[in-house]
Amino acid sequence: MRYVDELEAFYNDVMEHNVCVRKKDLAINGKDLLAIGMKQGKQLGEVLEELYQTVLQEPQCNNKETLLELANKLSFDFSFTP
């Protein structure tokens with residue numbers, strides 16, 4: 001029963017603080033990245049993955065403005081990857 005209580009507390013904390021636990025919980029998605037000029041393909045997926053990893057480590061970054069800013073920087077970085 002203790003496990004269920006801990007799980008419920010975790011769930012309530014996630015819901016209360018809008019914590020990102022899945023990629024689809026990101027404040028932006030692929031359509032947002034396409035809208036800022038990114039091309040569909042592998043790079044778009046890599047940028048989304050990097051944004052997701054960032055938000056897992058820094059949940060306060062999960063807002064549209066911050067993520068679009070990071071995406072712009074990441075897309076530039078990925079475009080120069082050999």
# chains A, B, ... in the order shown; residues from 1 in each chain; ligands from 1
call {"tool": "residues_around", "arguments": {"residues": "Ser75 in chain A", "least_positions_apart": "3", "cutoff": "12 Å", "atoms": "only C-alpha atoms", "output": "number ranges by chain"}}
result
A: 33-34, 36-51, 67-72, 78-81
call {"tool": "residues_around", "arguments": {"residues": "range 60-66 of chain A", "least_positions_apart": "5", "cutoff": "8 Å", "atoms": "only C-alpha atoms", "output": "number ranges by chain"}}
result
A: 20, 26-28, 54-55
call {"tool": "write_last_selection", "arguments": {"atoms": "N, CA and C atoms", "output": "PDB file, in the first residue's frame"}}
result
ATOM      1  N   CYS A  20       7.330  17.559 -17.308  1.00  0.00           N
ATOM      2  CA  CYS A  20       7.401  16.836 -18.565  1.00  0.00           C
ATOM      3  C   CYS A  20       7.948  15.437 -18.293  1.00  0.00           C
ATOM      4  N   LEU A  26       6.249  18.124 -23.930  1.00  0.00           N
ATOM      5  CA  LEU A  26       7.019  19.338 -24.205  1.00  0.00           C
ATOM      6  C   LEU A  26       6.080  20.476 -24.584  1.00  0.00           C
ATOM      7  N   ALA A  27       6.474  21.684 -24.265  1.00  0.00           N
ATOM      8  CA  ALA A  27       5.661  22.864 -24.586  1.00  0.00           C
ATOM      9  C   ALA A  27       5.636  23.156 -26.083  1.00  0.00           C
ATOM     10  N   ILE A  28       6.517  22.505 -26.854  1.00  0.00           N
ATOM     11  CA  ILE A  28       6.496  22.645 -28.312  1.00  0.00           C
ATOM     12  C   ILE A  28       6.500  21.259 -28.939  1.00  0.00           C
ATOM     13  N   THR A  54      16.861  18.149 -22.124  1.00  0.00           N
ATOM     14  CA  THR A  54      17.066  19.392 -21.378  1.00  0.00           C
ATOM     15  C   THR A  54      15.965  19.600 -20.354  1.00  0.00           C
ATOM     16  N   VAL A  55      14.724  19.394 -20.779  1.00  0.00           N
ATOM     17  CA  VAL A  55      13.577  19.606 -19.892  1.00  0.00           C
ATOM     18  C   VAL A  55      13.546  18.580 -18.765  1.00  0.00           C
TER      19      VAL A  55
END
call {"tool": "atom_distance", "arguments": {"atom1": "CA of Lys23 in chain A", "atom2": "CA of Ala35 in chain A"}}
result
18.3 Å
call {"tool": "atom_distance", "arguments": {"atom1": "CA of Gln53 in chain A", "atom2": "CA of Asn29 in chain A"}}
result
14.1 Å
call {"tool": "atom_distance", "arguments": {"atom1": "CA of Gln57 in chain A", "atom2": "CA of Tyr3 in chain A"}}
result
24.6 Å
